[in-house]
Every structure is written in structure tokens, then in C-alpha cells.
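Peer 1: The following file, upload09.cif, comprises mmCIF, C-alpha atoms:
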```
data_query
loop_
_atom_site.label_atom_id
_atom_site.label_comp_id
_atom_site.auth_asym_id
_atom_site.auth_seq_id
_atom_site.Cartn_x
_atom_site.Cartn_y
_atom_site.Cartn_z
CA GLU B 1 10.42 -0.29 -18.12
CA ALA B 2 8.31 1.89 -15.82
CA GLN B 3 9.18 1.00 -12.26
CA VAL B 4 10.01 1.94 -8.70
CA THR B 5 13.48 0.77 -7.72
CA GLN B 6 14.50 0.23 -4.13
CA ASN B 7 17.95 -0.66 -2.89
CA PRO B 8 19.07 -2.75 -1.19
CA ARG B 9 16.58 -5.63 -1.26
CA TYR B 10 18.00 -7.13 1.91
CA LEU B 11 20.01 -5.49 4.66
CA ILE B 12 21.26 -6.66 8.03
CA THR B 13 22.74 -3.96 10.22
CA VAL B 14 23.60 -3.25 13.84
CA THR B 15 21.84 -0.99 16.28
CA GLY B 16 22.83 2.64 15.93
CA LYS B 17 24.56 2.44 12.54
CA LYS B 18 23.03 5.03 10.21
CA LEU B 19 21.61 3.67 6.98
CA THR B 20 19.79 4.87 3.88
CA VAL B 21 17.36 2.93 1.73
CA THR B 22 17.19 4.45 -1.72
CA CYS B 23 14.06 4.75 -3.85
CA SER B 24 13.86 5.96 -7.40
CA GLN B 25 11.01 6.08 -9.94
CA ASN B 26 11.27 6.66 -13.67
CA MET B 27 7.63 7.56 -14.34
CA ASN B 28 7.75 11.29 -13.46
CA HIS B 29 5.25 10.69 -10.66
CA GLU B 30 4.31 13.56 -8.36
CA TYR B 31 3.57 11.53 -5.25
CA MET B 32 5.84 9.16 -3.37
CA SER B 33 5.44 7.29 -0.11
CA TRP B 34 7.21 4.95 2.30
CA TYR B 35 5.51 2.10 4.15
CA ARG B 36 6.61 -0.58 6.55
CA GLN B 37 4.91 -3.96 6.65
CA ASP B 38 4.73 -6.06 9.80
CA PRO B 39 2.77 -9.29 10.37
CA GLY B 40 -0.77 -8.63 11.54
CA LEU B 41 -0.43 -4.87 11.07
CA GLY B 42 -0.59 -4.53 7.32
CA LEU B 43 1.24 -1.63 5.73
CA ARG B 44 1.75 1.46 7.83
CA GLN B 45 2.73 4.74 6.27
CA ILE B 46 5.98 6.32 7.43
CA TYR B 47 6.20 9.46 5.28
CA TYR B 48 4.77 10.63 2.02
CA SER B 49 5.63 13.39 -0.43
CA MET B 50 3.34 15.41 -2.67
CA ASN B 51 6.13 16.97 -4.69
CA VAL B 52 9.73 18.12 -4.53
CA GLU B 53 10.54 19.54 -1.08
CA VAL B 54 7.01 18.73 0.17
CA THR B 55 6.78 15.89 2.68
CA ASP B 56 4.45 14.96 5.50
CA LYS B 57 4.37 12.44 8.30
CA GLY B 58 2.38 9.24 8.12
CA ASP B 59 1.32 7.02 10.99
CA VAL B 60 4.76 5.87 12.17
CA PRO B 61 7.41 8.56 11.41
CA GLU B 62 9.43 8.24 14.62
CA GLY B 63 13.01 7.18 13.96
CA TYR B 64 12.87 7.92 10.23
CA LYS B 65 13.78 10.82 7.98
CA VAL B 66 13.08 11.47 4.32
CA SER B 67 14.00 14.02 1.72
CA ARG B 68 12.64 14.86 -1.74
CA LYS B 69 15.25 17.02 -3.43
CA GLU B 70 14.51 15.60 -6.87
CA LYS B 71 11.22 14.37 -8.25
CA ARG B 72 12.48 10.88 -9.00
CA ASN B 73 14.21 10.10 -5.67
CA PHE B 74 12.80 9.65 -2.19
CA PRO B 75 15.37 8.09 0.18
CA LEU B 76 14.47 6.78 3.62
CA ILE B 77 17.05 7.48 6.32
CA LEU B 78 17.38 5.71 9.65
CA GLU B 79 19.76 7.84 11.71
CA SER B 80 20.08 5.38 14.59
CA PRO B 81 18.33 2.10 13.77
CA SER B 82 16.88 0.01 16.56
CA PRO B 83 15.64 -3.61 16.57
CA ASN B 84 12.00 -2.46 16.50
CA GLN B 85 12.66 -1.08 13.04
CA THR B 86 13.23 -4.59 11.72
CA SER B 87 10.59 -4.82 9.02
CA LEU B 88 9.77 -5.03 5.32
CA TYR B 89 9.86 -1.59 3.75
CA PHE B 90 8.11 -0.47 0.57
CA CYS B 91 8.53 2.65 -1.49
CA ALA B 92 5.72 3.62 -3.83
CA SER B 93 4.82 6.34 -6.32
CA SER B 94 1.59 7.70 -7.83
CA PRO B 95 1.12 9.97 -10.86
CA ASP B 96 -1.78 12.10 -9.73
CA ARG B 97 -4.48 12.56 -7.13
CA GLY B 98 -6.66 9.51 -6.70
CA TYR B 99 -4.46 7.16 -8.65
CA GLY B 100 -3.12 4.04 -7.05
CA TYR B 101 0.48 3.68 -6.02
CA THR B 102 3.03 1.60 -7.92
CA PHE B 103 5.22 -0.23 -5.43
CA GLY B 104 8.85 -1.17 -5.39
CA SER B 105 9.97 -4.72 -4.68
CA GLY B 106 10.56 -4.07 -0.99
CA THR B 107 13.57 -3.94 1.32
CA ARG B 108 13.87 -6.52 4.09
CA LEU B 109 15.72 -4.78 6.94
CA THR B 110 17.00 -6.58 10.02
CA VAL B 111 18.50 -4.58 12.88
CA VAL B 112 20.45 -6.65 15.43
CA ALA X 1 -7.62 9.90 11.27
CA GLN X 2 -8.74 7.35 8.76
CA THR X 3 -8.87 3.71 9.78
CA VAL X 4 -9.32 0.67 7.59
CA THR X 5 -10.57 -2.59 9.07
CA GLN X 6 -10.36 -6.02 7.51
CA SER X 7 -12.15 -8.35 9.88
CA GLN X 8 -11.12 -11.64 8.25
CA PRO X 9 -7.45 -12.43 8.91
CA GLU X 10 -7.66 -15.64 6.85
CA MET X 11 -10.04 -17.15 4.33
CA SER X 12 -10.05 -20.10 1.99
CA VAL X 13 -12.02 -20.99 -1.10
CA GLN X 14 -12.21 -23.90 -3.51
CA GLU X 15 -10.90 -23.39 -7.00
CA ALA X 16 -13.62 -22.03 -9.36
CA GLU X 17 -15.78 -20.86 -6.45
CA THR X 18 -16.58 -17.27 -5.47
CA VAL X 19 -15.25 -15.54 -2.35
CA THR X 20 -15.90 -12.14 -0.81
CA LEU X 21 -13.39 -10.25 1.31
CA SER X 22 -14.68 -7.59 3.69
CA CYS X 23 -13.39 -4.09 4.37
CA THR X 24 -14.80 -1.21 6.35
CA TYR X 25 -13.33 2.21 6.87
CA ASP X 26 -13.89 5.24 8.99
CA THR X 27 -13.58 8.77 7.66
CA SER X 28 -15.14 12.21 7.84
CA GLU X 29 -14.09 12.97 4.26
CA ASN X 30 -16.68 13.06 1.52
CA ASN X 31 -14.31 12.69 -1.40
CA TYR X 32 -11.84 9.82 -1.35
CA TYR X 33 -10.66 6.70 -3.17
CA LEU X 34 -10.61 3.04 -2.26
CA PHE X 35 -8.36 0.26 -3.48
CA TRP X 36 -7.68 -3.43 -3.19
CA TYR X 37 -4.11 -4.63 -3.49
CA LYS X 38 -2.87 -8.20 -3.83
CA GLN X 39 0.43 -9.44 -2.38
CA PRO X 40 1.42 -12.93 -3.56
CA PRO X 41 4.28 -14.86 -1.93
CA SER X 42 6.70 -12.92 -4.14
CA ARG X 43 5.79 -9.97 -1.82
CA GLN X 44 5.18 -7.66 -4.77
CA MET X 45 2.22 -5.30 -4.21
CA ILE X 46 -0.20 -5.44 -7.14
CA LEU X 47 -3.15 -3.10 -7.67
CA VAL X 48 -6.33 -5.12 -8.19
CA ILE X 49 -9.12 -2.56 -8.37
CA ARG X 50 -9.90 1.09 -7.69
CA GLN X 51 -13.12 2.86 -6.69
CA GLU X 52 -13.87 6.58 -6.62
CA ALA X 53 -16.17 7.50 -3.74
CA TYR X 54 -18.21 9.93 -5.80
CA LYS X 55 -19.11 7.21 -8.31
CA GLN X 56 -22.04 5.03 -7.31
CA GLN X 57 -21.27 2.36 -9.87
CA ASN X 58 -19.23 -0.49 -8.48
CA ALA X 59 -15.86 -1.05 -10.13
CA THR X 60 -15.15 -4.29 -12.00
CA GLU X 61 -11.91 -5.75 -13.37
CA ASN X 62 -12.43 -9.11 -15.05
CA ARG X 63 -13.09 -11.64 -12.24
CA PHE X 64 -12.74 -8.99 -9.54
CA SER X 65 -15.58 -6.70 -8.50
CA VAL X 66 -16.42 -4.57 -5.50
CA ASN X 67 -19.52 -3.82 -3.49
CA PHE X 68 -19.15 -0.20 -2.41
CA GLN X 69 -21.64 0.98 0.19
CA LYS X 70 -20.74 4.58 0.93
CA ALA X 71 -23.27 5.18 3.70
CA ALA X 72 -22.17 2.03 5.48
CA LYS X 73 -18.48 2.77 4.75
CA SER X 74 -18.04 -0.70 3.39
CA PHE X 75 -15.91 -1.83 0.45
CA SER X 76 -15.90 -5.59 -0.14
CA LEU X 77 -14.01 -7.45 -2.87
CA LYS X 78 -15.61 -10.34 -4.74
CA ILE X 79 -13.42 -12.79 -6.62
CA SER X 80 -15.31 -14.99 -9.05
CA ASP X 81 -14.08 -18.26 -10.53
CA SER X 82 -11.18 -18.36 -8.06
CA GLN X 83 -7.87 -19.58 -9.43
CA LEU X 84 -4.82 -21.01 -7.68
CA GLY X 85 -2.92 -17.87 -8.65
CA ASP X 86 -5.31 -15.80 -6.55
CA THR X 87 -3.68 -17.19 -3.40
CA ALA X 88 -2.21 -14.10 -1.72
CA MET X 89 -2.59 -11.49 0.97
CA TYR X 90 -5.24 -8.92 0.05
CA PHE X 91 -5.11 -5.40 1.42
CA CYS X 92 -7.88 -2.84 1.40
CA ALA X 93 -6.69 0.78 1.22
CA PHE X 94 -8.24 4.22 1.72
CA MET X 95 -6.83 7.29 -0.02
CA LYS X 96 -7.54 10.93 0.81
CA PRO X 97 -7.65 13.52 -2.02
CA ASN X 98 -4.01 14.46 -1.27
CA ASN X 99 -2.93 10.87 -2.04
CA ASP X 100 -2.31 10.01 1.61
CA MET X 101 -3.13 6.27 1.51
CA ARG X 102 -3.66 3.97 4.49
CA PHE X 103 -4.04 0.21 4.53
CA GLY X 104 -5.93 -2.42 6.48
CA ALA X 105 -4.16 -5.32 8.20
CA GLY X 106 -4.87 -7.69 5.31
CA THR X 107 -6.72 -10.96 4.61
CA ARG X 108 -4.75 -14.06 3.70
CA LEU X 109 -6.66 -15.92 0.98
CA THR X 110 -5.89 -19.52 0.09
CA VAL X 111 -7.40 -21.06 -3.02
CA LYS X 112 -7.61 -24.84 -2.69
CA PRO X 113 -7.49 -27.21 -5.66
#
```
Have the structure of the file written as C-alpha cells, please.
Peer 2:
Amino acid sequence: EAQVTQNPRYLITVTGKKLTVTCSQNMNHEYMSWYRQDPGLGLRQIYYSMNVEVTDKGDVPEGYKVSRKEKRNFPLILESPSPNQTSLYFCASSPDRGYGYTFGSGTRLTVV
Amino acid sequence: AQTVTQSQPEMSVQEAETVTLSCTYDTSENNYYLFWYKQPPSRQMILVIRQEAYKQQNATENRFSVNFQKAAKSFSLKISDSQLGDTAMYFCAFMKPNNDMRFGAGTRLTVKP
């Protein structure tokens, strides 16, 4: 089944403890992106990638890192999580320019 | 920077009626793409409809259609014959040619029986 897989789906962690949210797609898509969703703010882009080793910042990159070493994987790294990073996170992929993104099921992150 | 504005935080409609959700955007680009996504309570993001800015014809997908006014930078979504399953958050999105996509804050639609 063609899909974007994020793990974990739920995560509770403590301030300052490094974590990684994994994202993998099996559709050979060129483009991948990370978003966070907060009430009243919609989805805000964190980082996106146009291909392997090509990434760019979105609207809210502070406190996050990404890497795209392989086409299928695009992990999101929080080196030192803080409570303001408590949010619902989505990974998404797109096959080509102008095509809509296919989204993963989301990761609910709580930082205490 | 591109901005997407959805001015209606919440809307409701009676089952079988028609409802229109508004979206405006701001950009200096001439070539871009516009989308509407649906997010039901399951939180899954589902693509509803896509519009290419260089096409004047409005996109249609079954009961969903758009009114794209390029000069006015407006991109509204019309849902005809509303069904209970249409209850969801709806997000308007703007995409640059490099696939950088930004979203509006969303409109929560409730379809009432």
C-alpha cells in the first residue's frame, strides 16, 4: 500500500531529552515536508526537502533539524525539546512539482 | 512570503444544502498551485481538490468545486449536497513551483442532520 509512515504516533517526553520522529514513504516521491499543527494556526511548515541532501527551512524551523540521506526517509530531530514544541506533527510527500502532498497519520508530541 | 487567509473559523450547513468556504492568498508569484484539504476527526489529511493557477477553468471533483479568481487572489470551495461525512476541518493551501506549500488556519465545518 502506498503510504507515508510516521513513528511514533504518540510521544510524551521531558524537556531537553533529544528525540527523533521518523518518516518514511514507499512511493519514490521527490519532495518531502514536515508540518506542525496547532489550534487556530493551521499547519505550519517546519522544513521541506526537494531531493536527497536538499532541504530548506519553512516558517518555523527553530528548534528542529532534518536530514534527507535517502529518498524514502526524512526524520525530524528535536535536539532539546521544550514545552512550546508540544504539537501535532505531520510528515508528507509529493511526487512532482505541483502535485499535492500525501500525509502521514501524524505524531502527537507532548513535552513536559 | 506567501500568506493564506481563511476568514471563517467555523461554519455549519444543513445536510443536502450547499456551503462555500472562503480562502484568499497573497503572492507575487505568477505560477503556483492551490489546494483544499479535509481533516476529519480521525486527523488524517485528505486532498479534496487541486487547481493550477495558469488554468482558468475551475476544478471540480464530484460534489466539490472551486471558484478561482486569480486577479482577486481568491480560491473558494463549494460543497454541494452536503453529507454528514463532510464534517471536518478544511484547509486551503498555496504551493509554489518548488513544492513549498503553506496552509491557512482552517475552517471547521459542521454538517447538521
Peer 1: Restricting the calculation to all atoms listed in the file: of B:Glu1, B:Glu30, B:Asp96, B:Glu62, which residue gets closest to Ser80 of chain B?
Peer 2: B:Glu62
Peer 1: Counting only C-alpha atoms, which residues from chain B have an atom at most 12 Å from any atom of chain X, and could you show them as a VMD selection string?
Peer 2: chain B and resid 4 9 29 to 51 54 to 60 88 to 108
Peer 1: Keeping C-alpha atoms, export the residues of the selection given above as a short mmCIF file (atom, residue, chain, number, x, y, z; two decimals), keeping the file's coordinate frame.
Peer 2:
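Generated file (out_36.cif):
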```cif
data_model
loop_
_atom_site.label_atom_id
_atom_site.label_comp_id
_atom_site.auth_asym_id
_atom_site.auth_seq_id
_atom_site.Cartn_x
_atom_site.Cartn_y
_atom_site.Cartn_z
CA VAL B 4 10.01 1.94 -8.70
CA ARG B 9 16.58 -5.63 -1.26
CA HIS B 29 5.25 10.69 -10.66
CA GLU B 30 4.31 13.56 -8.36
CA TYR B 31 3.57 11.53 -5.25
CA MET B 32 5.84 9.16 -3.37
CA SER B 33 5.44 7.29 -0.11
CA TRP B 34 7.21 4.95 2.30
CA TYR B 35 5.51 2.10 4.15
CA ARG B 36 6.61 -0.58 6.55
CA GLN B 37 4.91 -3.96 6.65
CA ASP B 38 4.73 -6.06 9.80
CA PRO B 39 2.77 -9.29 10.37
CA GLY B 40 -0.77 -8.63 11.54
CA LEU B 41 -0.43 -4.87 11.07
CA GLY B 42 -0.59 -4.53 7.32
CA LEU B 43 1.24 -1.63 5.73
CA ARG B 44 1.75 1.46 7.83
CA GLN B 45 2.73 4.74 6.27
CA ILE B 46 5.98 6.32 7.43
CA TYR B 47 6.20 9.46 5.28
CA TYR B 48 4.77 10.63 2.02
CA SER B 49 5.63 13.39 -0.43
CA MET B 50 3.34 15.41 -2.67
CA ASN B 51 6.13 16.97 -4.69
CA VAL B 54 7.01 18.73 0.17
CA THR B 55 6.78 15.89 2.68
CA ASP B 56 4.45 14.96 5.50
CA LYS B 57 4.37 12.44 8.30
CA GLY B 58 2.38 9.24 8.12
CA ASP B 59 1.32 7.02 10.99
CA VAL B 60 4.76 5.87 12.17
CA LEU B 88 9.77 -5.03 5.32
CA TYR B 89 9.86 -1.59 3.75
CA PHE B 90 8.11 -0.47 0.57
CA CYS B 91 8.53 2.65 -1.49
CA ALA B 92 5.72 3.62 -3.83
CA SER B 93 4.82 6.34 -6.32
CA SER B 94 1.59 7.70 -7.83
CA PRO B 95 1.12 9.97 -10.86
CA ASP B 96 -1.78 12.10 -9.73
CA ARG B 97 -4.48 12.56 -7.13
CA GLY B 98 -6.66 9.51 -6.70
CA TYR B 99 -4.46 7.16 -8.65
CA GLY B 100 -3.12 4.04 -7.05
CA TYR B 101 0.48 3.68 -6.02
CA THR B 102 3.03 1.60 -7.92
CA PHE B 103 5.22 -0.23 -5.43
CA GLY B 104 8.85 -1.17 -5.39
CA SER B 105 9.97 -4.72 -4.68
CA GLY B 106 10.56 -4.07 -0.99
CA THR B 107 13.57 -3.94 1.32
CA ARG B 108 13.87 -6.52 4.09
#
```
Peer 1: Can you spell out as a list of chain:residue names the set of residues that the PyMOL selection byres ((chain B and resi 66) around 7) selects in the structure I just provided?
Peer 2: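 Applied to this file, the PyMOL selection byres ((chain B and resi 66) around 7) selects B:Tyr64, B:Lys65, B:Ser67, B:Arg68, B:Phe74, B:Pro75, B:Leu76, B:Ile77.
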Peer 1: For a test of reading the model, state the distance in Å between atom CA of Lys70 of chain X and atom CA of Val19 of chain X, rounded to one decimal.
Peer 2: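 About the pair atom CA of Lys70 of chain X and atom CA of Val19 of chain X: they are 21.1 Å apart.
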Peer 1: Any idea what the distance is between atom CA of Asn26 of chain B and atom CA of Glu79 of chain B?
Peer 2: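 Calculated distance between atom CA of Asn26 of chain B and atom CA of Glu79 of chain B is 26.8 Å.
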Peer 1: Given the PyMOL selection byres ((chain B and resi 84) around 10) and the file above, list the residues it selects as a list in words.
Peer 2: Thr15, Pro81, Ser82, Pro83, Gln85, Thr86, Ser87, Thr110, Val111 and Val112 of chain B
Peer 1: Can you tell me how far atom CA of Lys112 of chain X sits from atom CA of Gln8 of chain X, in Å to one decimal?
Peer 2: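 Separation between atom CA of Lys112 of chain X and atom CA of Gln8 of chain X: 17.5 Å.
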Peer 1: With all atoms listed in the file as the basis for distance, which of X:Ser82, X:Ser22, X:Ser76, X:Thr3 is at the shortest distance from Asn62 of chain X?
Peer 2: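 Distance minimum relative to Asn62 of chain X lands on X:Ser82.
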Peer 1: Give me the residues within 7 Å of Thr24 of chain X as a list in words, counting all atoms listed in the file and dropping any in the same chain fewer than 2 places off.
Peer 2: Val4, Thr5, Gln6, Ser22, Lys73, Ser74 and Phe75 of chain X
Peer 1: Please provide the set of residues having any atom within 6 Å of Thr18 of chain X, restricted to all atoms listed in the file, with same-chain residues fewer than 6 positions apart removed, written as a PyMOL selection string.
Peer 2: chain X and resi 79-81
Peer 1: Using the partial input, fill out segment 65-82 of chain X with N, CA, C and O atoms; write the result as a CSV table (one decimal), in the frame of the given file.
Peer 2:
```csv
chain,number,residue,atom,x,y,z
X,65,SER,N,-14.6,-7.8,-8.6
X,65,SER,CA,-15.6,-6.7,-8.5
X,65,SER,C,-15.7,-6.3,-7.0
X,65,SER,O,-15.3,-7.0,-6.1
X,66,VAL,N,-16.2,-5.1,-6.9
X,66,VAL,CA,-16.4,-4.6,-5.5
X,66,VAL,C,-17.9,-4.3,-5.2
X,66,VAL,O,-18.7,-4.1,-6.2
X,67,ASN,N,-18.2,-4.3,-3.9
X,67,ASN,CA,-19.5,-3.8,-3.5
X,67,ASN,C,-19.2,-2.6,-2.6
X,67,ASN,O,-18.8,-2.8,-1.4
X,68,PHE,N,-19.4,-1.4,-3.1
X,68,PHE,CA,-19.2,-0.2,-2.4
X,68,PHE,C,-20.4,0.4,-1.8
X,68,PHE,O,-21.4,0.7,-2.6
X,69,GLN,N,-20.5,0.4,-0.5
X,69,GLN,CA,-21.6,1.0,0.2
X,69,GLN,C,-21.2,2.2,1.0
X,69,GLN,O,-20.6,2.1,2.1
X,70,LYS,N,-21.3,3.4,0.4
X,70,LYS,CA,-20.7,4.6,0.9
X,70,LYS,C,-21.3,4.9,2.3
X,70,LYS,O,-20.6,5.3,3.2
X,71,ALA,N,-22.6,4.8,2.4
X,71,ALA,CA,-23.3,5.2,3.7
X,71,ALA,C,-22.8,4.3,4.8
X,71,ALA,O,-22.6,4.7,6.0
X,72,ALA,N,-22.6,3.0,4.5
X,72,ALA,CA,-22.2,2.0,5.5
X,72,ALA,C,-20.7,2.0,5.6
X,72,ALA,O,-20.1,1.3,6.5
X,73,LYS,N,-19.9,2.7,4.8
X,73,LYS,CA,-18.5,2.8,4.8
X,73,LYS,C,-17.9,1.4,4.6
X,73,LYS,O,-17.1,0.9,5.4
X,74,SER,N,-18.4,0.7,3.6
X,74,SER,CA,-18.0,-0.7,3.4
X,74,SER,C,-17.6,-0.9,2.0
X,74,SER,O,-18.1,-0.2,1.0
X,75,PHE,N,-16.5,-1.7,1.8
X,75,PHE,CA,-15.9,-1.8,0.4
X,75,PHE,C,-15.4,-3.3,0.3
X,75,PHE,O,-14.2,-3.6,0.5
X,76,SER,N,-16.3,-4.2,-0.1
X,76,SER,CA,-15.9,-5.6,-0.1
X,76,SER,C,-15.4,-6.0,-1.5
X,76,SER,O,-15.8,-5.3,-2.5
X,77,LEU,N,-14.6,-7.0,-1.6
X,77,LEU,CA,-14.0,-7.4,-2.9
X,77,LEU,C,-14.6,-8.8,-3.1
X,77,LEU,O,-14.4,-9.7,-2.3
X,78,LYS,N,-15.1,-9.0,-4.3
X,78,LYS,CA,-15.6,-10.3,-4.7
X,78,LYS,C,-14.7,-10.9,-5.8
X,78,LYS,O,-14.4,-10.2,-6.8
X,79,ILE,N,-14.2,-12.1,-5.6
X,79,ILE,CA,-13.4,-12.8,-6.6
X,79,ILE,C,-14.2,-14.0,-7.1
X,79,ILE,O,-14.6,-14.9,-6.4
X,80,SER,N,-14.5,-13.9,-8.4
X,80,SER,CA,-15.3,-15.0,-9.0
X,80,SER,C,-14.4,-16.0,-9.7
X,80,SER,O,-13.3,-15.6,-10.1
X,81,ASP,N,-14.9,-17.2,-9.8
X,81,ASP,CA,-14.1,-18.3,-10.5
X,81,ASP,C,-12.6,-18.3,-10.0
X,81,ASP,O,-11.7,-18.1,-10.8
X,82,SER,N,-12.5,-18.4,-8.7
X,82,SER,CA,-11.2,-18.4,-8.1
X,82,SER,C,-10.2,-19.3,-8.7
X,82,SER,O,-10.5,-20.4,-9.1
```
